[in-house]
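Peer 1: One structure is given below, represented as structure tokens, and several questions about it will come after.
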Amino acid sequence: MSENKQATLFVCNCQRTMVIDGEKLARALGRPSPLPVHSELCRAGLSNFEAALATGGTVHVACTQEAPLFREVAEEKASQETTLRFINIRENAGWSSAKGAALPKMAALLAEAAHISKPANALTLTSKGICLVYGPAEAAIAAAAKLKGRLDATVLVTAADDAISPSQVHAPITKGVVKKATGHLGEFEIIVDGFAPMIPSSRTAIEFAMPRDGAKSRCDLILDLSGRTPLFSPEQRRDGYFAVDPSDGAALAEALFALTDMVGEFEKPVYISYKADICAYARSSKVGCHNCLDHCPVGAITPDGDHVAIDTAICGGCGNCASVCPTGAASYAFPHREDILARTSVMLDAYATAGGKHPVLLLHDEKHGRALIDAMARFGRGLPANVIPFSLNSVLQIGHDAMAALLALGADQIVLLAPPEHPAELAALEMQTELATHILQALGYAGTRVRILAERDPFVAEDTLHELPELTAMTAHRYGFTGTKRELVRLAMTNLHASAPAPQDIIALPVGAPYGRISINTDGCTLCLACVGACPTGALGDNAERPEVSIVEATCVQCGVCRTTCPEKVITLEPRYNFTSAALSREVLNGEEPFHCISCGKPFGARSMIERVTERLKSHSMFAGEQQLAIIQMCDDCRVNAMANLSDDPMKGGERPRVVTTDDYLADETAAKTNGKSRTPDDFLT
């Protein structure tokens with residue numbers, strides 16, 4: 001959403017190192033009067049900032065370098081409640097060879113700052129400072145001594161070698177090898193083989209008591225100096241776990257410093273929101289979609305019955321699961337999908353109003369991407385005038401649906417500035433990019449509209465951005481941003497189709513795409529409707545009046561649960577995208593007239609199935625007679641009655657004796673008085 005009251009905006013050309021036209025900028029932002037352009041807002045112009053604090057409200061400062069100074073001044077001088085927000089127009093726009101041509105991009109960046117994104121939920125992690133120091137005796141004991149008074153350390157020695165027994169023990173010393181480690185910051189759990197405590201009377205070399213396997217322990221933090229295979233691989237990184245080479249003094253010092261800060265409560269964003277009711281992982285233990293499990297690098301997602309469980313304490317926020325989830329069951333919440341689209345819309349509108357042409361969105365994170373952009377601006381040509389940086393927590397959260405939406409909003413191209421440190425984690429992003437490209441090319445959009453730039457060298461990245469070809473301008477569409485993932489992507493696809501150079505109503509898609517329908521071999525289908533009951537999205541449906549299987553194509557995610565469930569194995573997946581309205585309507589895939597019960601006339605089952613079963617059972621000994629065979633052609637109620645009345649029913653017993661009641665005993669007493677003889681209960685049973 002945007003702020004109702006227009007914020008106070010301060011723009012500075014940073015000692016005239018940028019070319020800024022305050023009048024054009026104000027016009028592009030819809031402000032009634034020209035914006036004053038300061039030269040030294042953080043120095044000579046600081047009094048103007050202080051004056052704005054007196055009025056309260058929201059104050060936007062187009063500078064991030066001096067944000068700490070402005071916050072400090074606000075704490076001292078603000079007389080009313082003031083909200084400060086900072087926007088980088090220097091490295092992102094002004095510091096470039098484009099000079100004044102970057103003004104439309106400045107307008108876009110400043111307009112985006114007015115959008116307030118929905119905050120993500122947070123998880124509280126607690127660390128009491130219990131730290132395991134794991135490694136060779138000499139290095140581990142020395143590291144634990146440095147943590148004395150700051151953390152509650154315990155030493156687990158992998159090898160004592162000839163280490164001398166310390167004269168003063170600063171932390172408990174044990175020996176063993178970690179067999180398994182699980183958990184996260186504040187809740188690590190380890191299993192140790194060969195666990196043995198140090199013998200206090202060790203005189204020269206360190207000695208240990210009798211070892212045992214399978215010892216369990218818990219800790220908040222782990223310093224791994226073992227030099228062995230990390231307890232958590234680089235892909236399965238964990239906050240609170242540090243694997244360091246003890247011979248690297250600088251790395252060890254940095255780890256020790258970081259560990260001492262990890263005591264107390266920490267707020268961690270809940271990056272992924274999960275809706276189990278629309279998850280297509282499995283039904284009745286038949287596994288369908290497992291994209292999130294395949295692409296989670298840290299092991300935060302595990303099977304949980306017919307759904308999955310996401311450990312938010314482990315989740316690192318890469319966003320791979322959200323990008324590949326076909327239903328939106330796993331969706332990114334930092335920021336939300338709607339906020340990404342709303343921010344883009346605001347940016348592109350301001351960019352176009354200021355006269356900008358051929359916008360290219362540069363999606364980046366605030367770690368790897370921010371450092372590259374800053375380096376380009378300071379030591380190179382900077383970003384091209386039409387390349388608009390768009391900050392995200394992780395670019396890996398972007399799926400083909402978001403790519404399609406950004407292009408439908410008017411971006412000519414999308415460049416994803418991805419971190420190259422973990423190449424395996426880019427597989428999902430590459431798959432999503434290929435799918436988006438396939439659809440765009442099928443619609444006739446020329447050129448590469450979406451590309452991944454996984455680069456460490458800022459100058460190589462800069463050259464790539466400056467060499468981007470100028471493609472045919474995309475048509476800018478505006479539409480609402482509320483709805484599910486499937487609803488929003490269909491809106492985006494519909495708009496792309498409407499302005500496509502060569503529109504096609506149906507596009508064949510590669511295997512694994514989350515759109516399409518199923519085909520049923522009707523010759524083998526018995527209309528048992530197992531596929532309907534198994535479909536996790538409700539794409540498949542039946543008919544209360546007759547045996548029938550139908551599909552709403554727009555709802556099918558190609559998870560394959562129906563194919564796995566089908567007992568006759570007559571279902572095949574058909575990945576495609578159908579742009580027509582027929583995809584929103586229910587289409588009958590197989591159906592026939594029902595069979596009517598030969599006893600009561602009630603319709604039940606499929607005629608072909610009942611006739612087929614009847615024909616096959618004619619030769620069976622249990623259905624040799626017409627009466628037995630007729631049972632198959634009856635509904636449930638009539639079948640039960642008919643079976644109970646069969647004369648040759650092997651389960652049928654003799655006639656049941658009459659139940660003796662109180663009246664029988666009373667009658668007996670009367671007879672006894674008359675005849676002088678009493679009857680026993682056994683007399684009634686004979």
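Identifiers in this document derive from the order of the structure tokens: chains are assigned A, B, ..., residues are numbered from 1 separately in each chain, and ligands are numbered from 1 in order of occurrence.
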So that each row is one residue of segment 81-113 of chain A with an atom at most 6 Å from segment 347-368 of chain A, can you give its shortest atom pair and the distance in Å to one decimal, using only C-alpha atoms, rows by chain and rising number, as a Markdown table?

Peer 2:
```
| residue | atom | partner | partner_atom | distance |
| --- | --- | --- | --- | --- |
| A:Pro104 | CA | A:Tyr351 | CA | 4.8 |
| A:Lys105 | CA | A:Tyr351 | CA | 5.8 |
| A:Ala107 | CA | A:Ala350 | CA | 5.8 |
| A:Ala108 | CA | A:Met347 | CA | 4.2 |
| A:Glu112 | CA | A:Met347 | CA | 5.5 |
```

Peer 1: Counting only C-alpha atoms, give me one row per residue of segment 148-219 of chain A with an atom at most 12 Å from an atom of segment 261-271 of chain A, showing the shortest contact pair and its distance in Å to one decimal, sorted by chain then residue number, as a tab-separated table.

Peer 2:
```
residue	atom	partner	partner_atom	distance
A:Arg150	CA	A:Val263	CA	9.0
A:Leu151	CA	A:Val263	CA	8.1
A:Asp152	CA	A:Val263	CA	10.4
A:His184	CA	A:Lys268	CA	12.0
A:Leu185	CA	A:Met262	CA	8.7
A:Gly186	CA	A:Val263	CA	8.9
```

Peer 1: Take the residues just selected and output them with C-alpha atoms as a JSON list (two decimals), in the first residue's frame.

Peer 2:
```json
[["chain", "number", "residue", "atom", "x", "y", "z"],
["A", 150, "ARG", "CA", 31.42, -14.91, 27.45],
["A", 151, "LEU", "CA", 30.01, -18.33, 26.60],
["A", 152, "ASP", "CA", 29.39, -21.57, 28.46],
["A", 184, "HIS", "CA", 19.48, -24.87, 14.57],
["A", 185, "LEU", "CA", 20.64, -21.86, 16.53],
["A", 186, "GLY", "CA", 19.60, -22.36, 20.14]]
```

Peer 1: Near segment 398-410 of chain A, within 6 Å and counting only C-alpha atoms, which residues show up once chain neighbours fewer than 4 positions away are dropped, as a ChimeraX atom specification?

Peer 2: /A:323,432,436,474-477,489,492,496

Peer 1: Those residues with all heavy atoms, as a JSON list (two decimals), in the first residue's frame please?

Peer 2:
```json
[["chain", "number", "residue", "atom", "x", "y", "z"],
["A", 323, "SER", "N", 9.26, -20.60, -5.51],
["A", 323, "SER", "CA", 9.32, -20.40, -6.96],
["A", 323, "SER", "C", 8.83, -21.62, -7.73],
["A", 323, "SER", "O", 8.26, -21.49, -8.80],
["A", 323, "SER", "CB", 10.75, -20.06, -7.39],
["A", 323, "SER", "OG", 11.61, -21.19, -7.30],
["A", 432, "GLN", "N", 12.81, -22.24, -13.90],
["A", 432, "GLN", "CA", 11.73, -21.26, -14.01],
["A", 432, "GLN", "C", 11.98, -20.28, -15.16],
["A", 432, "GLN", "O", 11.05, -19.89, -15.88],
["A", 432, "GLN", "CB", 11.58, -20.50, -12.69],
["A", 432, "GLN", "CG", 11.15, -21.36, -11.52],
["A", 432, "GLN", "CD", 9.77, -21.97, -11.74],
["A", 432, "GLN", "OE1", 8.78, -21.27, -11.91],
["A", 432, "GLN", "NE2", 9.70, -23.30, -11.75],
["A", 436, "ALA", "N", 9.53, -19.70, -18.49],
["A", 436, "ALA", "CA", 9.04, -18.38, -18.90],
["A", 436, "ALA", "C", 9.48, -18.06, -20.33],
["A", 436, "ALA", "O", 8.69, -17.56, -21.14],
["A", 436, "ALA", "CB", 9.56, -17.32, -17.93],
["A", 474, "MET", "N", 7.53, -3.80, -24.46],
["A", 474, "MET", "CA", 6.39, -4.58, -23.98],
["A", 474, "MET", "C", 5.22, -3.63, -23.71],
["A", 474, "MET", "O", 5.42, -2.46, -23.35],
["A", 474, "MET", "CB", 6.75, -5.31, -22.69],
["A", 474, "MET", "CG", 7.84, -6.36, -22.84],
["A", 474, "MET", "SD", 7.33, -7.81, -23.79],
["A", 474, "MET", "CE", 6.16, -8.57, -22.67],
["A", 475, "THR", "N", 4.02, -4.13, -23.87],
["A", 475, "THR", "CA", 2.83, -3.35, -23.54],
["A", 475, "THR", "C", 2.60, -3.39, -22.03],
["A", 475, "THR", "O", 2.64, -4.46, -21.43],
["A", 475, "THR", "CB", 1.60, -3.92, -24.26],
["A", 475, "THR", "OG1", 1.83, -3.91, -25.67],
["A", 475, "THR", "CG2", 0.35, -3.11, -23.94],
["A", 476, "ALA", "N", 2.39, -2.23, -21.44],
["A", 476, "ALA", "CA", 2.18, -2.14, -19.99],
["A", 476, "ALA", "C", 0.71, -2.36, -19.67],
["A", 476, "ALA", "O", -0.15, -1.60, -20.14],
["A", 476, "ALA", "CB", 2.65, -0.80, -19.47],
["A", 477, "HIS", "N", 0.42, -3.39, -18.90],
["A", 477, "HIS", "CA", -0.95, -3.68, -18.47],
["A", 477, "HIS", "C", -1.07, -3.39, -16.98],
["A", 477, "HIS", "O", -0.12, -3.53, -16.22],
["A", 477, "HIS", "CB", -1.29, -5.15, -18.73],
["A", 477, "HIS", "CG", -1.20, -5.55, -20.17],
["A", 477, "HIS", "ND1", -2.24, -5.39, -21.05],
["A", 477, "HIS", "CD2", -0.18, -6.11, -20.88],
["A", 477, "HIS", "CE1", -1.88, -5.84, -22.25],
["A", 477, "HIS", "NE2", -0.64, -6.28, -22.17],
["A", 489, "VAL", "N", -1.08, -15.49, -11.92],
["A", 489, "VAL", "CA", -0.31, -15.85, -13.11],
["A", 489, "VAL", "C", -1.22, -15.94, -14.33],
["A", 489, "VAL", "O", -0.80, -15.61, -15.45],
["A", 489, "VAL", "CB", 0.47, -17.16, -12.89],
["A", 489, "VAL", "CG1", -0.44, -18.37, -12.86],
["A", 489, "VAL", "CG2", 1.53, -17.34, -13.98],
["A", 492, "ALA", "N", -1.64, -12.46, -15.61],
["A", 492, "ALA", "CA", -0.44, -12.03, -16.32],
["A", 492, "ALA", "C", -0.35, -12.69, -17.69],
["A", 492, "ALA", "O", -0.06, -12.03, -18.70],
["A", 492, "ALA", "CB", 0.80, -12.35, -15.49],
["A", 496, "LEU", "N", -0.28, -10.97, -21.42],
["A", 496, "LEU", "CA", 0.81, -11.23, -22.37],
["A", 496, "LEU", "C", 0.26, -11.78, -23.68],
["A", 496, "LEU", "O", 0.73, -11.42, -24.77],
["A", 496, "LEU", "CB", 1.81, -12.21, -21.77],
["A", 496, "LEU", "CG", 2.70, -11.70, -20.63],
["A", 496, "LEU", "CD1", 3.53, -12.83, -20.05],
["A", 496, "LEU", "CD2", 3.62, -10.58, -21.13]]
```

Peer 1: Measuring atom to atom with only C-alpha atoms, identify which of A:Met210, A:Met431, A:Ala282, A:Ala442 is nearest to Val511 of chain A.

Peer 2: A:Met431

Peer 1: Within segment 166-357 of chain A, find each residue whose DSSP state, derived from the backbone, is helix (DSSP H, G or I), and express the selection as a VMD selection string.

Peer 2: chain A and resid 249 to 260 276 to 278 291 to 295 320 to 324 337 to 353

Peer 1: Pull C-alpha atoms from the residues just selected and write them as a PDB file, in the first residue's frame.

Peer 2:
```
ATOM      1  CA  GLY A 249      43.876 -17.028  12.561  1.00  0.00           C
ATOM      2  CA  ALA A 250      41.737 -14.331  10.946  1.00  0.00           C
ATOM      3  CA  ALA A 251      38.828 -16.700  10.250  1.00  0.00           C
ATOM      4  CA  LEU A 252      39.032 -18.119  13.767  1.00  0.00           C
ATOM      5  CA  ALA A 253      39.025 -14.661  15.343  1.00  0.00           C
ATOM      6  CA  GLU A 254      36.011 -13.661  13.232  1.00  0.00           C
ATOM      7  CA  ALA A 255      34.131 -16.807  14.280  1.00  0.00           C
ATOM      8  CA  LEU A 256      34.915 -16.270  17.970  1.00  0.00           C
ATOM      9  CA  PHE A 257      33.741 -12.666  17.710  1.00  0.00           C
ATOM     10  CA  ALA A 258      30.506 -13.692  15.997  1.00  0.00           C
ATOM     11  CA  LEU A 259      29.821 -16.447  18.533  1.00  0.00           C
ATOM     12  CA  THR A 260      30.072 -14.097  21.502  1.00  0.00           C
ATOM     13  CA  ALA A 276      -1.347 -27.470   3.627  1.00  0.00           C
ATOM     14  CA  ASP A 277      -4.872 -27.617   2.196  1.00  0.00           C
ATOM     15  CA  ILE A 278      -3.652 -26.742  -1.319  1.00  0.00           C
ATOM     16  CA  ASN A 291       9.383 -29.836  -6.129  1.00  0.00           C
ATOM     17  CA  CYS A 292       9.948 -28.118  -2.788  1.00  0.00           C
ATOM     18  CA  LEU A 293      11.672 -31.191  -1.334  1.00  0.00           C
ATOM     19  CA  ASP A 294      13.926 -31.456  -4.382  1.00  0.00           C
ATOM     20  CA  HIS A 295      15.024 -27.818  -4.306  1.00  0.00           C
ATOM     21  CA  ASN A 320      13.384 -21.964  -4.104  1.00  0.00           C
ATOM     22  CA  CYS A 321      10.334 -23.757  -2.711  1.00  0.00           C
ATOM     23  CA  ALA A 322       8.080 -20.779  -3.395  1.00  0.00           C
ATOM     24  CA  SER A 323       9.324 -20.402  -6.958  1.00  0.00           C
ATOM     25  CA  VAL A 324       8.670 -24.044  -7.909  1.00  0.00           C
ATOM     26  CA  ARG A 337       3.951 -11.667  -4.031  1.00  0.00           C
ATOM     27  CA  GLU A 338       1.417  -8.815  -4.088  1.00  0.00           C
ATOM     28  CA  ASP A 339       4.008  -6.331  -2.804  1.00  0.00           C
ATOM     29  CA  ILE A 340       6.490  -7.241  -5.527  1.00  0.00           C
ATOM     30  CA  LEU A 341       3.913  -6.573  -8.220  1.00  0.00           C
ATOM     31  CA  ALA A 342       2.657  -3.369  -6.586  1.00  0.00           C
ATOM     32  CA  ARG A 343       6.206  -2.002  -6.208  1.00  0.00           C
ATOM     33  CA  THR A 344       6.969  -2.813  -9.834  1.00  0.00           C
ATOM     34  CA  SER A 345       3.795  -1.119 -11.038  1.00  0.00           C
ATOM     35  CA  VAL A 346       4.615   2.071  -9.111  1.00  0.00           C
ATOM     36  CA  MET A 347       8.200   2.103 -10.389  1.00  0.00           C
ATOM     37  CA  LEU A 348       7.305   1.558 -14.028  1.00  0.00           C
ATOM     38  CA  ASP A 349       4.568   4.211 -13.952  1.00  0.00           C
ATOM     39  CA  ALA A 350       6.937   6.842 -12.549  1.00  0.00           C
ATOM     40  CA  TYR A 351       9.665   5.777 -14.978  1.00  0.00           C
ATOM     41  CA  ALA A 352       7.328   6.154 -17.968  1.00  0.00           C
ATOM     42  CA  THR A 353       5.924   9.486 -16.699  1.00  0.00           C
TER      43      THR A 353
END
```

Peer 1: Between A:Ile452, A:Ala62, A:Ile206, A:Val532, which is the closest to Leu426 of chain A once you count only C-alpha atoms?

Peer 2: A:Ile452

Peer 1: Given only C-alpha atoms as the basis, pick out the residue of A:Gln80, A:Asp304, A:Leu443, A:Ile598 nearest to Ala502 of chain A.

Peer 2: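 Nearest candidate to Ala502 of chain A out of A:Gln80, A:Asp304, A:Leu443, A:Ile598: A:Leu443.
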
Peer 1: Quick one, how far is atom CA of Phe195 of chain A from atom CA of Ser127 of chain A?

Peer 2: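 If I compute the distance from atom CA of Phe195 of chain A to atom CA of Ser127 of chain A, I get 24.5 Å.
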
Peer 1: Skipping near chain neighbours, those fewer than 2 positions away, what residues fall within 9 Å of segment 601-605 of chain A using only C-alpha atoms, listed as a ChimeraX atom specification?

Peer 2: /A:527-528,545-547,593-599,607-610,634-636

Peer 1: Per DSSP on the backbone, filter segment 3-169 of chain A down to the residues in strand (DSSP E) and report them as a VMD selection string.

Peer 2: chain A and resid 8 to 12 37 to 38 57 to 61 82 to 86 122 to 127 130 to 135 152 to 157

Peer 1: For Ala582 of chain A, list every protein, DNA or RNA residue within 12 Å, evaluated using only C-alpha atoms, and leave out those in the same chain fewer than 2 positions away; present the list as a list in words.

Peer 2: Asp505, Ile506, Arg517, Ile551, Val552, Glu553, Ala554, Thr555, Tyr577, Asn578, Phe579, Thr580, Leu584, Ser585, Arg586, Glu587 and Val588 of chain A
